[in-house]
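Note sheet for the following structure.
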Amino acid sequence: MLHSVRTDFTGNNGLGKSLIADLLQLIFVPLRDEWKPGTEGLDKEERKIETIPLERDWISHAYCFLNIEKAKGKFLTIGVYIPRTSRVPVRPFIIQQGEDFENKKILLKPFEQILTSSDFIAENLHIYDLIELKRNFYKKYQIHLKDFYQREQVNEYFDLLFKNHILPIDLTKETNLKSFAKVLQSFSKAKTLKITDSKSLQNFLFEDDEDIKTTFDNQKETLNQHIKNFHRADQEIKTLEEKQKKLSQLKTTHYNYIKAKESYLSKNAHLLSKKSDDALKA
């Protein structure tokens with residue numbers, strides 16, 4: 001079960017923590033040319049999609065899936081068919097109660113059954129192929145599975161994930177897809193991340209993607225320039241406010257001076273007038 005806020009996976013090296021992240025990446029980005037493992041496989045070589053299923057003569061494929069709780073006790077299931085050969089494409093799938101996957105105005109219909117690994121395996125331990133799986137799900141639970149084959153159909157899968165609020169980002173847009181894949185890949189890497197070291201964070205996030213790192217550096221420089229401009233403007237504002245304060249004080253002083261001068265001249269005029277009147281009477 002994944003918590004709605006945060007789920008941590010802990011354990012010693014080699015227990016499969018990164019594999020969980022790799023499988024989640026494969027469910028949401030089921031494209032060979034975009035998928036990249038977080039760590040190497042057990043033989044220290046780069047993990048490949050076709051090496052994920054167990055190497056057994058009777059295993060030709062595997063499945064990975066997630067039950068998505070859309071409402072209390074109501075689920076959709078998304079997942080991916082993983083072949084043991086690179087000649088067969090990875091095929092994402094969605095399982096819902098409704099059978100209409102084409103009408104974009106209609107949301108997918110959740111069902112009440114939580115699917116488990118046993119639903120993908122026959123009693124004789126045979127792992128169902130996709131055709132058998134579709135038949136079994138409908139016969140057992142009256143639910144419908146649709147898999148997506150070519151790239152155009154995978155875009156339909158992305159569209160359904162977005163419009164049914166399973167993903168908050170539209171992966172039919174190439175830039176969104178690459179960025180989202182990079183984020184998933186970055187956080188499945190078995191690297192030491194020093195969050196107080198900006199260089200460590202950059203290497204962790206961008207690794208060998210020079211385009212993203214260049215964009216990051218350019219944006220960082222732009223941001224630094226904005227910060228400098230802000231501090232410069234802030235200082236100019238403070239200087240202007242100080243000048244305005246002094247000018248206001250000077251205006252008040254000048255006003256008081258004019259008033260005092262008017263009062264003095266008025267009193268002096270009255271005094272001279274009185275002296276003049278006294279002199280005339282004498």
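Labels used: A, B, ... for chains in the order of the structure tokens, numbers from 1 for residues in each chain, and numbers from 1 for ligands as shown.
When DSSP reads the backbone of this structure, the residues of range 6-40 of chain A it assigns to helix (DSSP H, G or I) are A:Lys17, A:Ser18, A:Leu19, A:Ile20, A:Ala21, A:Asp22, A:Leu23, A:Leu24, A:Gln25, A:Leu26, A:Ile27, A:Phe28.
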Write out, as a PDB file, in the first residue's frame, the residues just selected, with N, CA and C atoms.
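Now in again_13.pdb:
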ATOM      1  N   LYS A  17      15.026  -2.178  -3.751  1.00  0.00           N
ATOM      2  CA  LYS A  17      14.385  -0.859  -3.584  1.00  0.00           C
ATOM      3  C   LYS A  17      14.340  -0.104  -4.905  1.00  0.00           C
ATOM      4  N   SER A  18      15.462  -0.089  -5.603  1.00  0.00           N
ATOM      5  CA  SER A  18      15.506   0.628  -6.879  1.00  0.00           C
ATOM      6  C   SER A  18      14.654  -0.056  -7.939  1.00  0.00           C
ATOM      7  N   LEU A  19      14.535  -1.377  -7.829  1.00  0.00           N
ATOM      8  CA  LEU A  19      13.699  -2.098  -8.788  1.00  0.00           C
ATOM      9  C   LEU A  19      12.243  -1.655  -8.679  1.00  0.00           C
ATOM     10  N   ILE A  20      11.790  -1.361  -7.458  1.00  0.00           N
ATOM     11  CA  ILE A  20      10.421  -0.854  -7.283  1.00  0.00           C
ATOM     12  C   ILE A  20      10.252   0.450  -8.046  1.00  0.00           C
ATOM     13  N   ALA A  21      11.243   1.338  -7.900  1.00  0.00           N
ATOM     14  CA  ALA A  21      11.190   2.613  -8.625  1.00  0.00           C
ATOM     15  C   ALA A  21      11.256   2.401 -10.126  1.00  0.00           C
ATOM     16  N   ASP A  22      12.081   1.427 -10.558  1.00  0.00           N
ATOM     17  CA  ASP A  22      12.182   1.123 -11.991  1.00  0.00           C
ATOM     18  C   ASP A  22      10.848   0.619 -12.545  1.00  0.00           C
ATOM     19  N   LEU A  23      10.153  -0.202 -11.760  1.00  0.00           N
ATOM     20  CA  LEU A  23       8.863  -0.742 -12.195  1.00  0.00           C
ATOM     21  C   LEU A  23       7.801   0.354 -12.241  1.00  0.00           C
ATOM     22  N   LEU A  24       7.821   1.248 -11.252  1.00  0.00           N
ATOM     23  CA  LEU A  24       6.880   2.373 -11.280  1.00  0.00           C
ATOM     24  C   LEU A  24       7.148   3.240 -12.503  1.00  0.00           C
ATOM     25  N   GLN A  25       8.431   3.442 -12.797  1.00  0.00           N
ATOM     26  CA  GLN A  25       8.797   4.204 -13.994  1.00  0.00           C
ATOM     27  C   GLN A  25       8.265   3.520 -15.246  1.00  0.00           C
ATOM     28  N   LEU A  26       8.348   2.203 -15.285  1.00  0.00           N
ATOM     29  CA  LEU A  26       7.908   1.449 -16.462  1.00  0.00           C
ATOM     30  C   LEU A  26       6.390   1.510 -16.624  1.00  0.00           C
ATOM     31  N   ILE A  27       5.654   1.541 -15.511  1.00  0.00           N
ATOM     32  CA  ILE A  27       4.195   1.652 -15.585  1.00  0.00           C
ATOM     33  C   ILE A  27       3.789   3.002 -16.162  1.00  0.00           C
ATOM     34  N   PHE A  28       4.447   4.054 -15.711  1.00  0.00           N
ATOM     35  CA  PHE A  28       4.050   5.395 -16.128  1.00  0.00           C
ATOM     36  C   PHE A  28       4.741   5.857 -17.407  1.00  0.00           C
TER      37      PHE A  28
END
What are the closest atom pairs, with distances in Å to one decimal, for all residues of range 83-126 of chain A lying within 7 Å of range 135-154 of chain A? Consider only C-alpha atoms, order rows by chain and residue number, and present the result as a Markdown table.
| residue | atom | partner | partner_atom | distance |
| --- | --- | --- | --- | --- |
| A:Arg91 | CA | A:Tyr149 | CA | 5.6 |
| A:Pro92 | CA | A:Phe148 | CA | 5.6 |
| A:Phe93 | CA | A:Asp147 | CA | 4.1 |
| A:Ile94 | CA | A:Lys146 | CA | 5.6 |
| A:Ile95 | CA | A:Leu145 | CA | 4.3 |
| A:Gln96 | CA | A:His144 | CA | 5.4 |
| A:Gln97 | CA | A:Ile143 | CA | 4.4 |
| A:Gly98 | CA | A:His144 | CA | 6.5 |
| A:Glu99 | CA | A:His144 | CA | 5.7 |
### Atomic distance CA of Asp170 in chain A - CA of Pro30 in chain A, expressed in Å with one decimal
14.5 Å
### Query
Counting only C-alpha atoms, what is within 10 Å of Ile82 in chain A, bar same-chain residues fewer than 3 positions away, as a ChimeraX atom specification?
/A:23,26-27,30,49-53,60-64,79,85-86,88-92
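Nearest residue to Ser179 in chain A, choosing from A:Phe9, A:Ala122, A:Arg84, A:Asp211 and counting only C-alpha atoms: A:Asp211.
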### Message
Give me the residues near Ile59 in chain A as JSON, numbers by chain, where near means some atom within 10 Å (using only C-alpha atoms) and where sequence neighbours in that chain fewer than 4 positions away do not count.
### Response
{"A": [53, 54, 55, 83, 84, 126, 127]}
### Residues within 6 Å of range 67-76 of chain A, only C-alpha atoms, excluding chain neighbours under 2 positions, as an MDAnalysis selection string
chainID A and resid 96 110:112
### Task
Extract the full set of strand (DSSP E or B) residues from range 45-261 of chain A according to DSSP on the backbone, and format it as a PyMOL selection string.
chain A and resi 46+61-71+74-83+91-96+111+121+127+144-147
Create the file for the chosen residues now, containing C-alpha atoms and written as a short mmCIF file (atom, residue, chain, number, x, y, z; two decimals), in the first residue's frame.
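Generated file (selection30.cif):
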data_model
loop_
_atom_site.label_atom_id
_atom_site.label_comp_id
_atom_site.auth_asym_id
_atom_site.auth_seq_id
_atom_site.Cartn_x
_atom_site.Cartn_y
_atom_site.Cartn_z
CA GLU A 46 22.92 -2.07 -16.62
CA HIS A 61 6.71 -12.47 -19.62
CA ALA A 62 5.76 -10.77 -16.36
CA TYR A 63 3.35 -8.11 -15.13
CA CYS A 64 3.62 -5.13 -12.85
CA PHE A 65 0.47 -3.29 -11.78
CA LEU A 66 -0.98 -0.75 -9.38
CA ASN A 67 -4.47 -0.63 -7.89
CA ILE A 68 -5.55 3.02 -7.87
CA GLU A 69 -8.29 3.84 -5.33
CA LYS A 70 -10.41 6.48 -7.10
CA ALA A 71 -13.04 6.56 -4.34
CA LYS A 74 -13.52 1.83 -5.87
CA PHE A 75 -10.46 0.95 -7.94
CA LEU A 76 -8.87 1.23 -11.34
CA THR A 77 -5.83 -0.88 -12.16
CA ILE A 78 -2.97 0.24 -14.38
CA GLY A 79 0.04 -1.84 -15.22
CA VAL A 80 2.47 -3.08 -17.79
CA TYR A 81 3.18 -6.32 -19.65
CA ILE A 82 6.94 -7.01 -19.53
CA PRO A 83 8.30 -9.46 -22.13
CA ARG A 91 2.57 -2.97 -23.32
CA PRO A 92 0.84 -0.82 -20.71
CA PHE A 93 -2.74 -1.65 -19.78
CA ILE A 94 -5.73 -0.28 -17.89
CA ILE A 95 -8.45 -2.32 -16.20
CA GLN A 96 -11.88 -0.84 -15.50
CA PHE A 111 -14.64 -1.55 -9.77
CA ILE A 121 -1.61 -16.62 -12.61
CA ILE A 127 1.22 -16.76 -16.13
CA HIS A 144 -12.34 -5.10 -18.87
CA LEU A 145 -8.64 -4.87 -19.71
CA LYS A 146 -7.25 -2.85 -22.59
CA ASP A 147 -3.60 -2.94 -23.54
#
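Between CA of Glu102 in chain A and CA of Tyr157 in chain A the interatomic distance comes to 10.5 Å.
Here CA of Arg47 in chain A stands at a distance of 28.3 Å from CA of Asp159 in chain A.
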### Message
Neighbouring residues of Lys105 in chain A were defined as those with any atom within 12 Å, considering only C-alpha atoms; residues of the same chain fewer than 4 positions away were excluded. Please report them as a list in words.
### Response
Asp100, Phe101, Asp159, Leu160, Lys163 and Asn164 of chain A
